[in-house]
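entry14.txt follows (compact mmCIF, C-alpha atoms and all ligand atoms):
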```
# COMPACT_ATOMS: atom_id res chain seq x y z
CA MET A 26 98.19 24.55 86.49
CA GLN A 27 97.44 23.38 90.03
CA LYS A 28 95.15 20.69 91.35
CA ILE A 29 92.87 22.20 93.95
CA VAL A 30 90.44 20.54 96.35
CA GLN A 31 87.89 22.81 97.99
CA LYS A 32 85.43 21.65 100.63
CA TYR A 33 82.31 23.61 101.55
CA GLY A 34 80.49 22.83 104.81
CA GLY A 35 76.73 22.79 105.43
CA THR A 36 76.43 26.48 106.27
CA SER A 37 78.33 27.39 103.08
CA VAL A 38 75.74 25.61 100.90
CA GLY A 39 72.73 26.34 103.14
CA ASN A 40 70.59 27.95 100.40
CA VAL A 41 70.66 28.69 96.67
CA GLU A 42 72.25 32.11 97.13
CA LYS A 43 75.14 30.51 98.99
CA ILE A 44 75.44 27.74 96.41
CA LYS A 45 75.85 30.47 93.77
CA ILE A 46 78.72 31.95 95.81
CA VAL A 47 80.36 28.52 95.98
CA ALA A 48 79.92 28.06 92.22
CA ASP A 49 81.61 31.43 91.63
CA LYS A 50 84.55 30.46 93.81
CA ALA A 51 85.04 27.12 92.05
CA VAL A 52 84.77 28.74 88.62
CA TYR A 53 87.24 31.45 89.65
CA GLU A 54 89.91 28.80 90.24
CA LYS A 55 89.03 27.04 87.00
CA LYS A 56 89.44 30.34 85.13
CA GLN A 57 92.97 30.61 86.54
CA GLY A 58 93.71 27.43 84.61
CA ASN A 59 93.53 25.09 87.60
CA GLU A 60 91.96 21.66 87.95
CA VAL A 61 89.20 21.94 90.52
CA VAL A 62 87.56 19.33 92.73
CA VAL A 63 84.81 20.51 95.08
CA VAL A 64 83.56 18.44 98.01
CA VAL A 65 80.22 19.50 99.49
CA SER A 66 78.34 18.83 102.72
CA ALA A 67 74.57 18.59 102.96
CA MET A 68 72.67 21.89 102.98
CA GLY A 69 72.48 23.49 106.44
CA LYS A 70 71.22 21.10 109.08
CA THR A 71 69.93 18.49 106.60
CA THR A 72 71.74 15.57 108.25
CA ASP A 73 70.14 16.39 111.61
CA SER A 74 66.70 16.66 109.96
CA LEU A 75 67.13 13.31 108.22
CA PHE A 76 68.16 11.70 111.51
CA ASN A 77 65.10 13.17 113.23
CA LEU A 78 62.83 11.74 110.55
CA ALA A 79 64.42 8.32 110.99
CA LYS A 80 64.05 8.40 114.77
CA GLN A 81 60.36 9.24 114.52
CA LEU A 82 59.88 5.95 112.71
CA ASN A 83 62.35 3.81 114.64
CA SER A 84 64.20 4.67 117.86
CA THR A 85 67.19 2.59 116.70
CA PRO A 86 67.12 2.91 112.91
CA PRO A 87 68.88 0.13 110.96
CA THR A 88 72.27 1.63 110.21
CA ARG A 89 72.51 0.46 106.60
CA GLU A 90 69.33 2.33 105.75
CA LEU A 91 70.40 5.28 107.90
CA ASP A 92 73.50 5.61 105.72
CA LEU A 93 71.40 5.50 102.57
CA LEU A 94 69.23 8.23 104.03
CA PHE A 95 72.19 10.37 105.19
CA SER A 96 73.96 10.05 101.84
CA THR A 97 71.07 11.78 100.06
CA GLY A 98 71.81 15.09 101.85
CA GLU A 99 75.20 15.52 100.21
CA ILE A 100 73.87 14.27 96.86
CA VAL A 101 71.33 17.11 96.81
CA SER A 102 73.94 19.84 97.33
CA MET A 103 76.31 18.15 94.86
CA ALA A 104 73.70 18.11 92.07
CA LEU A 105 72.58 21.68 92.78
CA LEU A 106 76.16 22.97 92.75
CA CYS A 107 76.80 21.30 89.38
CA MET A 108 73.73 23.04 87.98
CA ALA A 109 74.93 26.39 89.32
CA ILE A 110 78.39 25.88 87.78
CA GLU A 111 76.93 24.87 84.39
CA ASN A 112 74.81 28.00 84.54
CA LEU A 113 78.04 30.01 84.63
CA GLY A 114 79.10 28.35 81.40
CA TYR A 115 81.51 25.78 82.84
CA LYS A 116 81.28 22.01 82.72
CA ALA A 117 80.70 20.15 85.97
CA ILE A 118 80.08 16.55 86.94
CA GLY A 119 78.67 15.34 90.24
CA LEU A 120 80.06 12.17 91.80
CA PRO A 121 78.45 10.58 94.87
CA GLY A 122 81.01 8.73 97.01
CA PHE A 123 80.48 5.40 95.27
CA LEU A 124 81.23 6.93 91.85
CA ALA A 125 84.20 8.88 93.17
CA GLY A 126 86.05 5.65 94.03
CA ILE A 127 85.81 6.04 97.82
CA TYR A 128 85.98 2.55 99.33
CA THR A 129 85.33 2.06 103.05
CA ASP A 130 85.01 -0.65 105.66
CA THR A 131 81.53 -1.91 106.60
CA VAL A 132 80.96 0.03 109.84
CA HIS A 133 77.80 1.94 109.01
CA THR A 134 77.54 5.58 110.18
CA LYS A 135 81.24 5.71 111.09
CA ALA A 136 82.98 3.91 108.26
CA LYS A 137 86.71 4.32 107.71
CA ILE A 138 88.17 4.93 104.26
CA LYS A 139 90.12 1.87 103.11
CA LYS A 140 91.14 2.95 99.65
CA ILE A 141 90.53 5.65 97.07
CA ASP A 142 90.64 4.90 93.38
CA PRO A 143 90.83 8.40 91.86
CA LYS A 144 90.66 7.27 88.20
CA LYS A 145 87.20 8.66 87.49
CA ILE A 146 88.00 11.96 89.20
CA LEU A 147 91.25 12.35 87.22
CA ASP A 148 89.55 11.39 83.94
CA GLU A 149 86.84 13.99 84.45
CA LEU A 150 89.38 16.65 85.38
CA ALA A 151 91.20 15.80 82.14
CA ASN A 152 87.84 16.23 80.37
CA ASN A 153 87.99 19.85 81.54
CA LYS A 154 85.24 19.44 84.10
CA ILE A 155 84.90 20.80 87.60
CA VAL A 156 84.39 17.64 89.64
CA VAL A 157 81.85 17.97 92.45
CA ILE A 158 81.94 15.18 95.03
CA ALA A 159 79.24 14.44 97.61
CA GLY A 160 81.11 14.45 100.92
CA PHE A 161 80.74 12.14 103.94
CA GLN A 162 80.12 8.91 102.01
CA GLY A 163 81.63 5.90 100.31
CA ILE A 164 80.91 2.32 99.38
CA SER A 165 81.89 -0.84 101.25
CA HIS A 166 83.28 -4.02 99.70
CA GLU A 167 79.83 -5.47 100.35
CA ASP A 168 78.46 -2.88 97.92
CA ASN A 169 76.62 -0.89 100.56
CA ILE A 170 76.59 2.89 100.87
CA THR A 171 78.39 3.99 104.03
CA THR A 172 78.95 7.33 105.77
CA LEU A 173 82.12 8.55 107.45
CA GLY A 174 80.88 9.88 110.80
CA ARG A 175 79.56 13.36 111.58
CA GLY A 176 81.59 16.09 109.93
CA GLY A 177 82.85 13.45 107.49
CA SER A 178 82.96 15.72 104.45
CA ASP A 179 86.20 17.09 105.89
CA LEU A 180 87.64 13.59 105.63
CA THR A 181 86.40 13.19 102.05
CA ALA A 182 88.21 16.39 101.06
CA ILE A 183 91.49 15.52 102.79
CA ALA A 184 91.50 11.96 101.47
CA ILE A 185 90.74 13.06 97.91
CA ALA A 186 93.45 15.73 98.13
CA GLY A 187 95.90 12.99 99.11
CA ALA A 188 94.71 10.57 96.44
CA ILE A 189 95.01 13.00 93.53
CA GLY A 190 98.17 14.68 94.86
CA ALA A 191 96.46 18.08 95.14
CA ASP A 192 98.62 21.19 95.31
CA ARG A 193 96.11 22.85 97.63
CA CYS A 194 93.38 21.61 99.94
CA GLU A 195 91.02 24.28 101.25
CA ILE A 196 88.30 23.73 103.87
CA TYR A 197 85.73 26.53 103.61
CA THR A 198 83.40 27.19 106.52
CA ASP A 199 81.35 29.92 108.22
CA VAL A 200 84.20 31.34 110.35
CA GLU A 201 87.50 32.84 109.19
CA GLY A 202 89.71 29.96 110.27
CA VAL A 203 90.70 28.06 113.37
CA TYR A 204 90.50 30.29 116.44
CA THR A 205 91.96 30.14 119.93
CA THR A 206 88.49 29.03 121.00
CA ASP A 207 85.00 28.87 119.48
CA PRO A 208 84.43 32.46 118.30
CA LYS A 209 80.68 31.96 118.60
CA ILE A 210 80.99 31.45 122.38
CA VAL A 211 83.94 33.76 123.10
CA PRO A 212 83.98 36.79 120.78
CA GLU A 213 87.51 37.68 121.97
CA ALA A 214 88.86 34.50 120.32
CA ARG A 215 91.74 35.10 117.88
CA ILE A 216 92.58 33.49 114.59
CA ILE A 217 95.51 31.05 114.69
CA PRO A 218 97.52 31.67 111.47
CA ARG A 219 99.16 28.24 111.56
CA ILE A 220 98.84 25.18 113.72
CA SER A 221 100.39 21.71 113.78
CA TYR A 222 98.49 18.57 112.85
CA GLY A 223 98.95 17.30 116.42
CA GLU A 224 97.36 20.36 118.01
CA MET A 225 94.53 20.45 115.47
CA LEU A 226 93.88 16.78 116.15
CA GLU A 227 93.74 17.35 119.90
CA MET A 228 91.38 20.30 119.32
CA ALA A 229 89.11 18.31 117.05
CA SER A 230 89.07 15.34 119.43
CA ALA A 231 88.32 17.74 122.28
CA GLY A 232 85.18 18.93 120.50
CA ALA A 233 86.23 21.96 118.39
CA LYS A 234 83.71 21.26 115.65
CA VAL A 235 85.61 23.19 112.99
CA MET A 236 87.41 20.04 111.73
CA GLN A 237 86.47 16.38 112.01
CA ALA A 238 89.08 14.57 114.14
CA ARG A 239 89.41 11.67 111.73
CA ALA A 240 90.07 14.04 108.85
CA VAL A 241 92.93 15.65 110.76
CA GLU A 242 94.30 12.24 111.71
CA PHE A 243 94.29 11.28 108.03
CA ALA A 244 96.02 14.53 107.05
CA GLN A 245 98.68 13.97 109.71
CA LYS A 246 99.29 10.37 108.70
CA TYR A 247 99.69 11.11 105.00
CA LYS A 248 101.18 14.61 105.45
CA ILE A 249 98.47 16.52 103.59
CA PRO A 250 98.64 20.20 104.57
CA PHE A 251 95.37 22.12 104.38
CA VAL A 252 93.89 25.55 105.00
CA VAL A 253 90.69 26.42 106.88
CA LYS A 254 89.05 29.65 105.75
CA SER A 255 85.76 31.45 105.28
CA THR A 256 83.49 31.05 102.28
CA PHE A 257 82.24 34.56 102.75
CA SER A 258 85.33 36.60 103.61
CA GLU A 259 88.88 36.95 102.32
CA LYS A 260 90.20 37.63 105.84
CA GLY A 261 91.95 35.20 108.14
CA GLY A 262 92.74 31.65 107.18
CA THR A 263 94.60 28.97 109.15
CA MET A 264 97.30 26.70 107.74
CA ILE A 265 97.44 23.21 109.26
CA LYS A 266 100.74 21.43 108.69
CA GLU A 267 103.70 19.82 110.38
CA LEU A 268 105.39 22.26 112.79
CA LYS A 269 108.59 21.90 114.76
CA LEU A 270 108.26 21.86 118.53
CA GLU A 271 109.99 25.24 118.85
CA GLU A 272 107.54 26.81 116.38
CA GLY A 273 104.57 26.01 118.64
CA ALA A 274 102.97 28.31 121.20
CA VAL A 275 102.77 27.14 124.81
CA VAL A 276 98.97 27.34 124.59
CA THR A 277 97.33 27.45 121.18
CA SER A 278 93.68 27.01 122.09
CA VAL A 279 91.00 26.12 124.60
CA THR A 280 88.09 23.89 123.64
CA LEU A 281 84.76 23.02 125.25
CA ASP A 282 82.97 19.76 124.50
CA LYS A 283 79.39 19.63 125.76
CA GLU A 284 78.58 16.42 123.94
CA GLN A 285 79.94 14.05 126.55
CA ILE A 286 78.38 11.85 129.21
CA LYS A 287 79.97 10.14 132.20
CA ILE A 288 79.34 6.53 133.16
CA THR A 289 80.32 5.33 136.64
CA PHE A 290 80.60 1.76 137.94
CA PHE A 291 80.24 1.83 141.72
CA HIS A 292 81.83 -0.77 143.96
CA ILE A 293 83.38 -3.25 141.53
CA PRO A 294 86.11 -5.74 142.44
CA ASP A 295 89.59 -4.18 142.10
CA LYS A 296 91.34 -7.02 140.33
CA PRO A 297 93.21 -7.58 137.07
CA GLY A 298 91.12 -7.84 133.91
CA ILE A 299 88.09 -5.80 134.99
CA ALA A 300 88.92 -2.67 132.97
CA ALA A 301 89.89 -4.84 130.01
CA GLN A 302 86.50 -6.51 130.14
CA ILE A 303 84.46 -3.28 130.31
CA PHE A 304 86.45 -1.39 127.69
CA GLY A 305 86.80 -4.50 125.54
CA GLU A 306 83.02 -4.79 125.25
CA LEU A 307 82.67 -1.07 124.43
CA GLY A 308 85.47 -1.30 121.88
CA LYS A 309 83.80 -4.20 120.10
CA GLU A 310 80.86 -1.87 119.45
CA HIS A 311 83.19 0.89 118.14
CA ILE A 312 82.49 3.14 121.13
CA ASN A 313 85.36 5.50 121.89
CA VAL A 314 86.08 5.94 125.57
CA ASP A 315 87.68 9.17 126.68
CA THR A 316 88.77 10.33 130.14
CA ILE A 317 88.99 7.40 132.58
CA VAL A 318 89.31 7.67 136.36
CA GLN A 319 89.54 4.86 138.89
CA ASN A 320 89.29 5.58 142.62
CA VAL A 321 91.74 4.33 145.20
CA SER A 322 90.58 0.88 146.14
CA LYS A 323 88.98 0.21 149.55
CA GLU A 324 88.93 -3.40 150.76
CA ASN A 325 89.58 -4.57 147.21
CA TYR A 326 86.61 -2.70 145.75
CA THR A 327 86.78 0.42 143.63
CA ASP A 328 84.71 2.86 141.53
CA LEU A 329 85.45 3.42 137.85
CA SER A 330 84.26 6.39 135.76
CA PHE A 331 84.77 7.24 132.10
CA THR A 332 83.30 9.54 129.49
CA VAL A 333 81.91 8.73 126.04
CA ASN A 334 80.42 10.81 123.28
CA LEU A 335 76.75 11.73 123.68
CA SER A 336 75.95 10.07 120.34
CA ASP A 337 77.06 6.72 121.81
CA LYS A 338 75.05 7.17 125.02
CA LYS A 339 72.27 4.64 124.47
CA HIS A 340 74.59 1.90 123.35
CA ALA A 341 77.29 2.62 125.94
CA VAL A 342 74.80 2.65 128.83
CA GLU A 343 73.22 -0.62 127.69
CA ILE A 344 76.60 -2.36 127.49
CA SER A 345 77.76 -0.88 130.80
CA LYS A 346 74.62 -1.97 132.67
CA LYS A 347 75.07 -5.48 131.32
CA GLU A 348 78.75 -5.56 132.33
CA GLY A 349 77.82 -4.05 135.72
CA VAL A 350 75.56 -7.02 136.45
CA LYS A 351 78.25 -9.49 135.35
CA LEU A 352 80.88 -7.81 137.58
CA GLY A 353 78.55 -7.45 140.55
CA ALA A 354 78.71 -3.62 140.58
CA ALA A 355 76.57 -2.00 143.29
CA GLU A 356 75.30 0.44 140.65
CA VAL A 357 76.06 1.78 137.17
CA ILE A 358 74.96 5.35 136.61
CA CYS A 359 75.05 7.81 133.74
CA ASP A 360 75.62 11.54 134.32
CA ASN A 361 74.47 13.84 131.50
CA ASP A 362 75.40 17.06 133.23
CA ILE A 363 79.07 17.13 132.23
CA ALA A 364 81.31 18.95 129.78
CA LYS A 365 85.01 18.72 129.05
CA ILE A 366 87.27 21.74 128.83
CA THR A 367 90.65 21.25 127.17
CA THR A 368 93.76 23.42 126.89
CA ILE A 369 96.10 22.57 124.01
CA GLY A 370 99.59 23.70 123.03
CA LEU A 371 102.65 22.20 121.40
CA GLY A 372 104.92 24.24 123.67
CA MET A 373 103.49 22.59 126.81
CA VAL A 374 106.05 19.85 126.31
CA ASN A 375 108.81 22.20 127.46
CA HIS A 376 106.86 24.63 129.63
CA PRO A 377 105.49 23.33 132.92
CA GLY A 378 102.87 25.31 134.82
CA VAL A 379 100.07 25.34 132.27
CA ALA A 380 97.96 22.90 134.29
CA ALA A 381 98.30 25.00 137.43
CA ARG A 382 97.17 28.13 135.57
CA MET A 383 94.19 26.30 134.10
CA PHE A 384 93.11 24.84 137.47
CA ASN A 385 93.55 28.22 139.07
CA ALA A 386 91.36 29.94 136.47
CA LEU A 387 88.66 27.31 137.05
CA GLY A 388 88.97 27.55 140.84
CA LYS A 389 88.57 31.33 140.82
CA GLU A 390 85.25 30.87 139.00
CA ASN A 391 84.16 28.20 141.49
CA VAL A 392 84.21 25.49 138.85
CA ASN A 393 84.78 22.07 140.39
CA ILE A 394 86.99 19.63 138.44
CA GLU A 395 85.53 16.10 138.42
CA MET A 396 88.12 14.33 136.27
CA ILE A 397 91.46 15.22 134.70
CA SER A 398 93.32 13.69 131.78
CA THR A 399 96.41 14.81 129.93
CA SER A 400 98.61 14.12 126.95
CA GLU A 401 101.96 15.73 126.09
CA ILE A 402 100.22 18.71 124.52
CA ARG A 403 96.79 18.72 126.24
CA ILE A 404 95.10 19.07 129.63
CA SER A 405 91.40 18.16 129.87
CA CYS A 406 89.07 18.67 132.83
CA VAL A 407 85.58 17.25 133.17
CA ILE A 408 83.27 19.80 134.80
CA LYS A 409 79.53 20.48 135.14
CA LYS A 410 77.90 21.25 131.80
CA SER A 411 76.02 24.22 133.26
CA GLN A 412 79.39 25.84 134.09
CA GLY A 413 80.90 25.12 130.66
CA LYS A 414 80.69 28.54 129.05
CA LYS A 415 81.82 30.37 132.17
CA ALA A 416 84.78 27.98 132.45
CA LEU A 417 85.70 28.40 128.79
CA ARG A 418 85.72 32.19 129.05
CA ALA A 419 87.83 32.10 132.22
CA VAL A 420 90.45 29.67 130.93
CA HIS A 421 90.63 31.43 127.54
CA LYS A 422 91.14 34.76 129.32
CA GLU A 423 93.93 33.27 131.43
CA PHE A 424 95.97 32.32 128.35
CA PHE A 425 94.90 34.99 125.85
CA LYS A 426 94.66 38.22 127.86
P1 LIG B 501 80.91 23.27 108.42
O1 LIG B 501 79.43 23.23 108.23
O2 LIG B 501 81.58 24.28 107.53
O3 LIG B 501 81.57 21.93 108.37
P2 LIG B 501 81.06 23.25 111.31
O4 LIG B 501 79.84 23.76 111.98
O5 LIG B 501 81.28 21.78 111.26
O6 LIG B 501 81.13 23.89 109.86
O7 LIG B 501 82.35 23.91 111.97
C1 LIG B 501 82.46 25.31 112.04
C2 LIG B 501 82.09 25.80 113.43
O8 LIG B 501 83.02 25.29 114.38
C3 LIG B 501 82.16 27.28 113.61
O9 LIG B 501 80.96 27.90 113.23
C4 LIG B 501 82.45 27.44 115.11
O10 LIG B 501 81.31 27.81 115.84
C5 LIG B 501 82.88 26.07 115.54
N1 LIG B 501 84.15 26.08 116.28
C6 LIG B 501 84.37 25.49 117.47
N2 LIG B 501 85.60 25.70 117.89
C7 LIG B 501 86.22 26.45 116.95
C8 LIG B 501 87.53 27.01 116.83
N3 LIG B 501 88.46 26.83 117.76
N4 LIG B 501 87.81 27.73 115.71
C9 LIG B 501 86.88 27.92 114.77
N5 LIG B 501 85.61 27.43 114.84
C10 LIG B 501 85.28 26.71 115.92
N1 LIG B 502 76.46 16.34 106.60
C1 LIG B 502 77.32 15.60 107.50
C2 LIG B 502 77.13 16.10 108.91
O1 LIG B 502 76.35 17.00 109.15
C3 LIG B 502 78.75 15.62 107.06
C4 LIG B 502 79.41 16.98 107.07
O2 LIG B 502 78.75 18.01 107.14
O3 LIG B 502 80.64 17.02 106.99
O4 LIG B 502 77.75 15.58 109.80
MG MG B 503 81.95 20.41 109.76
```
Once you've parsed the file, please lay out its structure as structure tokens.
Ligand code: ADP
Ligand code: ASP
Ligand code: MG
Amino acid sequence: MQKIVQKYGGTSVGNVEKIKIVADKAVYEKKQGNEVVVVVSAMGKTTDSLFNLAKQLNSTPPTRELDLLFSTGEIVSMALLCMAIENLGYKAIGLPGFLAGIYTDTVHTKAKIKKIDPKKILDELANNKIVVIAGFQGISHEDNITTLGRGGSDLTAIAIAGAIGADRCEIYTDVEGVYTTDPKIVPEARIIPRISYGEMLEMASAGAKVMQARAVEFAQKYKIPFVVKSTFSEKGGTMIKELKLEEGAVVTSVTLDKEQIKITFFHIPDKPGIAAQIFGELGKEHINVDTIVQNVSKENYTDLSFTVNLSDKKHAVEISKKEGVKLGAAEVICDNDIAKITTIGLGMVNHPGVAARMFNALGKENVNIEMISTSEIRISCVIKKSQGKKALRAVHKEFFK
């Protein structure tokens, strides 16, 4: 008998026919004598629709209530899946996050998991039930419902797998695994059979929607291997686990993130403490800053640019304008027309020349690079959003001919 955690994303539970397929897959594992936990996302684009409703009533919805609203999406698919499983003659029990023992901090809409108490889940598995958990949500120590950030059902699944010591953790989605790039933009993309946590984390952080970055971070920290595969096909599948440096490819994947904006402070004093002040204020509001570039200073003044996620735009611009006034900046502007293209590979550590090939591929397509940032296993370039797809195809072609 194995303990199995399966997670099904929004497209996998998008309508009743698909929910029946998911029920069949869960029951199949149960029939093999396994203990089965299923984590579900909200149906289709429900979370987006709920957010749209909220924004029609309030341009900055109170985040506690927003979390209550968001949490309903996953509760709907959870309850429906239980009904479908019972209809197949198997026992199921639905647990929203707060009943599944998922305890978080108090940061609404991007809460972090603090602790999981799996007692209820384990008891219900022992009662011979298939346990269905509403993804993306938990409860804070203040007894408020919280959500775990967009794509957060991935995190629910990984964290539950860790907490119950699952033998297998499977993330089911609408593509056959993790590809060398988004197969919906570049049809030539190839499946990656196995990839390290580090590379998957860089990919997720660089905008490859297939896994939530925080979920991968959690898996890496607690060494929870997992598989990404399709709900609707037996083909493919990608194993994410710890890999040795020599097992990694020089370039594993190329990712495009169109959900970024760039904020620039023009003409601010070039003196110690300025960056700390700006990024300190953004950090206090839980805004993640990505690529940062500071110009060479002229007469002790400089320009400073950085990117943030589109979802943080309103907040980040407000804070930046306020800081701009305090620092005496000539101007603070926000550029929406940007995208970030990232090349990732474990083998980059020992193989120089990847950056040159990437820049060359971009140059040949007349794509101007506005900002560059790197890590040991990643090179990111900020470019114009309108050139994003062309750039992605060109860089992917360069490394995966
Ligand atoms: P789910 O609803 O199952 O959570 P998501 O939409 O969050 O699914 O993630 C799956 C999508 O991620 C795919 O449909 C694909 O378009 C996109 N994607 C982006 N980059 C990649 C990649 N490198 N490999 C696979 N899918 C990718
Ligand atoms: N429903 C949430 C979202 O759309 C969580 C998830 O799908 O993982 O972000
Ligand atoms: Mg997802």
For this session: Could you tell me which of A:Tyr247, A:Tyr222, A:Phe424, A:Phe161 comes closest to ligand MG 503 (chain B) if we count all atoms listed in the file?
Result: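 The answer is A:Phe161, which sits nearest to ligand MG 503 (chain B).
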Residues contacting ligand LIG 501 (chain B) - anything with an atom at most 7 Å away, using all atoms listed in the file - can you give me those as a PDB file with C-alpha atoms, keeping the file's coordinate frame?
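Wrote out-v6.pdb, looks like this:
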```
ATOM      1  CA  TYR A  33      82.310  23.610 101.550  1.00  0.00           C
ATOM      2  CA  GLY A  34      80.490  22.830 104.810  1.00  0.00           C
ATOM      3  CA  GLY A  35      76.730  22.790 105.430  1.00  0.00           C
ATOM      4  CA  THR A  36      76.430  26.480 106.270  1.00  0.00           C
ATOM      5  CA  SER A  37      78.330  27.390 103.080  1.00  0.00           C
ATOM      6  CA  GLY A 176      81.590  16.090 109.930  1.00  0.00           C
ATOM      7  CA  TYR A 197      85.730  26.530 103.610  1.00  0.00           C
ATOM      8  CA  THR A 198      83.400  27.190 106.520  1.00  0.00           C
ATOM      9  CA  ASP A 199      81.350  29.920 108.220  1.00  0.00           C
ATOM     10  CA  VAL A 200      84.200  31.340 110.350  1.00  0.00           C
ATOM     11  CA  GLY A 202      89.710  29.960 110.270  1.00  0.00           C
ATOM     12  CA  VAL A 203      90.700  28.060 113.370  1.00  0.00           C
ATOM     13  CA  TYR A 204      90.500  30.290 116.440  1.00  0.00           C
ATOM     14  CA  THR A 205      91.960  30.140 119.930  1.00  0.00           C
ATOM     15  CA  THR A 206      88.490  29.030 121.000  1.00  0.00           C
ATOM     16  CA  ASP A 207      85.000  28.870 119.480  1.00  0.00           C
ATOM     17  CA  PRO A 208      84.430  32.460 118.300  1.00  0.00           C
ATOM     18  CA  LYS A 209      80.680  31.960 118.600  1.00  0.00           C
ATOM     19  CA  ALA A 233      86.230  21.960 118.390  1.00  0.00           C
ATOM     20  CA  LYS A 234      83.710  21.260 115.650  1.00  0.00           C
ATOM     21  CA  VAL A 235      85.610  23.190 112.990  1.00  0.00           C
ATOM     22  CA  MET A 236      87.410  20.040 111.730  1.00  0.00           C
ATOM     23  CA  SER A 278      93.680  27.010 122.090  1.00  0.00           C
ATOM     24  CA  THR A 280      88.090  23.890 123.640  1.00  0.00           C
TER      25      THR A 280
END
```
For this session: Write out as a list in words each polymer residue whose atoms come within 8 Å of segment 369-384 of chain A, counting only C-alpha atoms; drop sequence neighbours fewer than 2 positions from it.
Result: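 Residues meeting the cut-off are Ser221, Gly223, Glu224, Glu227, Met228, Leu270, Glu271, Gly273, Ala274, Val275, Val276, Thr277, Ser278, Val279, Thr367, Ala386, Leu387, Gly388, Glu401, Ile402, Arg403, Ile404, Val420 and Glu423 of chain A.
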Please find the residues contacting ligand LIG 502 (chain B) at a distance of at most 8 Å between atoms, with only C-alpha atoms and all ligand atoms counted, and report them as a compact mmCIF listing (two decimals) with C-alpha atoms, keeping the file's coordinate frame.
```
# COMPACT_ATOMS: atom_id res chain seq x y z
CA GLY A 34 80.49 22.83 104.81
CA GLY A 35 76.73 22.79 105.43
CA VAL A 65 80.22 19.50 99.49
CA SER A 66 78.34 18.83 102.72
CA ALA A 67 74.57 18.59 102.96
CA MET A 68 72.67 21.89 102.98
CA LYS A 70 71.22 21.10 109.08
CA THR A 71 69.93 18.49 106.60
CA THR A 72 71.74 15.57 108.25
CA ASP A 73 70.14 16.39 111.61
CA PHE A 95 72.19 10.37 105.19
CA GLY A 98 71.81 15.09 101.85
CA GLU A 99 75.20 15.52 100.21
CA GLY A 160 81.11 14.45 100.92
CA PHE A 161 80.74 12.14 103.94
CA LEU A 173 82.12 8.55 107.45
CA GLY A 174 80.88 9.88 110.80
CA ARG A 175 79.56 13.36 111.58
CA GLY A 176 81.59 16.09 109.93
CA GLY A 177 82.85 13.45 107.49
CA SER A 178 82.96 15.72 104.45
CA ASP A 179 86.20 17.09 105.89
CA LEU A 180 87.64 13.59 105.63
CA GLN A 237 86.47 16.38 112.01
```
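Among the candidates A:Glu390, A:Glu356, A:Glu310, A:Asp362, the one nearest to Ala341 of chain A when counting all atoms listed in the file is A:Glu310.
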Problem set entry | Option closest in space to Asn313 of chain A, from A:Lys351, A:Lys135, A:Leu124, A:Ser398 [counting only C-alpha atoms] |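 Smallest distance to Asn313 of chain A is found for A:Lys135.
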Selection: 12 Å around Val61 of chain A, only C-alpha atoms, excl. self and same-chain fewer than 5 positions, as an mmCIF file with C-alpha atoms, in the frame of the given file:
```cif
data_model
loop_
_atom_site.group_PDB
_atom_site.id
_atom_site.type_symbol
_atom_site.label_atom_id
_atom_site.label_comp_id
_atom_site.auth_asym_id
_atom_site.auth_seq_id
_atom_site.Cartn_x
_atom_site.Cartn_y
_atom_site.Cartn_z
ATOM 1 C CA MET A 26 98.190 24.550 86.490
ATOM 2 C CA GLN A 27 97.440 23.380 90.030
ATOM 3 C CA LYS A 28 95.150 20.690 91.350
ATOM 4 C CA ILE A 29 92.870 22.200 93.950
ATOM 5 C CA VAL A 30 90.440 20.540 96.350
ATOM 6 C CA GLN A 31 87.890 22.810 97.990
ATOM 7 C CA LYS A 32 85.430 21.650 100.630
ATOM 8 C CA ALA A 48 79.920 28.060 92.220
ATOM 9 C CA LYS A 50 84.550 30.460 93.810
ATOM 10 C CA ALA A 51 85.040 27.120 92.050
ATOM 11 C CA VAL A 52 84.770 28.740 88.620
ATOM 12 C CA TYR A 53 87.240 31.450 89.650
ATOM 13 C CA GLU A 54 89.910 28.800 90.240
ATOM 14 C CA LYS A 55 89.030 27.040 87.000
ATOM 15 C CA LYS A 56 89.440 30.340 85.130
ATOM 16 C CA ILE A 110 78.390 25.880 87.780
ATOM 17 C CA TYR A 115 81.510 25.780 82.840
ATOM 18 C CA LYS A 116 81.280 22.010 82.720
ATOM 19 C CA ALA A 117 80.700 20.150 85.970
ATOM 20 C CA ILE A 118 80.080 16.550 86.940
ATOM 21 C CA ILE A 146 88.000 11.960 89.200
ATOM 22 C CA LEU A 147 91.250 12.350 87.220
ATOM 23 C CA GLU A 149 86.840 13.990 84.450
ATOM 24 C CA LEU A 150 89.380 16.650 85.380
ATOM 25 C CA ALA A 151 91.200 15.800 82.140
ATOM 26 C CA ASN A 152 87.840 16.230 80.370
ATOM 27 C CA ASN A 153 87.990 19.850 81.540
ATOM 28 C CA LYS A 154 85.240 19.440 84.100
ATOM 29 C CA ILE A 155 84.900 20.800 87.600
ATOM 30 C CA VAL A 156 84.390 17.640 89.640
ATOM 31 C CA VAL A 157 81.850 17.970 92.450
ATOM 32 C CA ILE A 158 81.940 15.180 95.030
ATOM 33 C CA ALA A 182 88.210 16.390 101.060
ATOM 34 C CA ILE A 185 90.740 13.060 97.910
ATOM 35 C CA ALA A 186 93.450 15.730 98.130
ATOM 36 C CA ILE A 189 95.010 13.000 93.530
ATOM 37 C CA ALA A 191 96.460 18.080 95.140
ATOM 38 C CA ASP A 192 98.620 21.190 95.310
ATOM 39 C CA ARG A 193 96.110 22.850 97.630
ATOM 40 C CA CYS A 194 93.380 21.610 99.940
ATOM 41 C CA GLU A 195 91.020 24.280 101.250
#
```
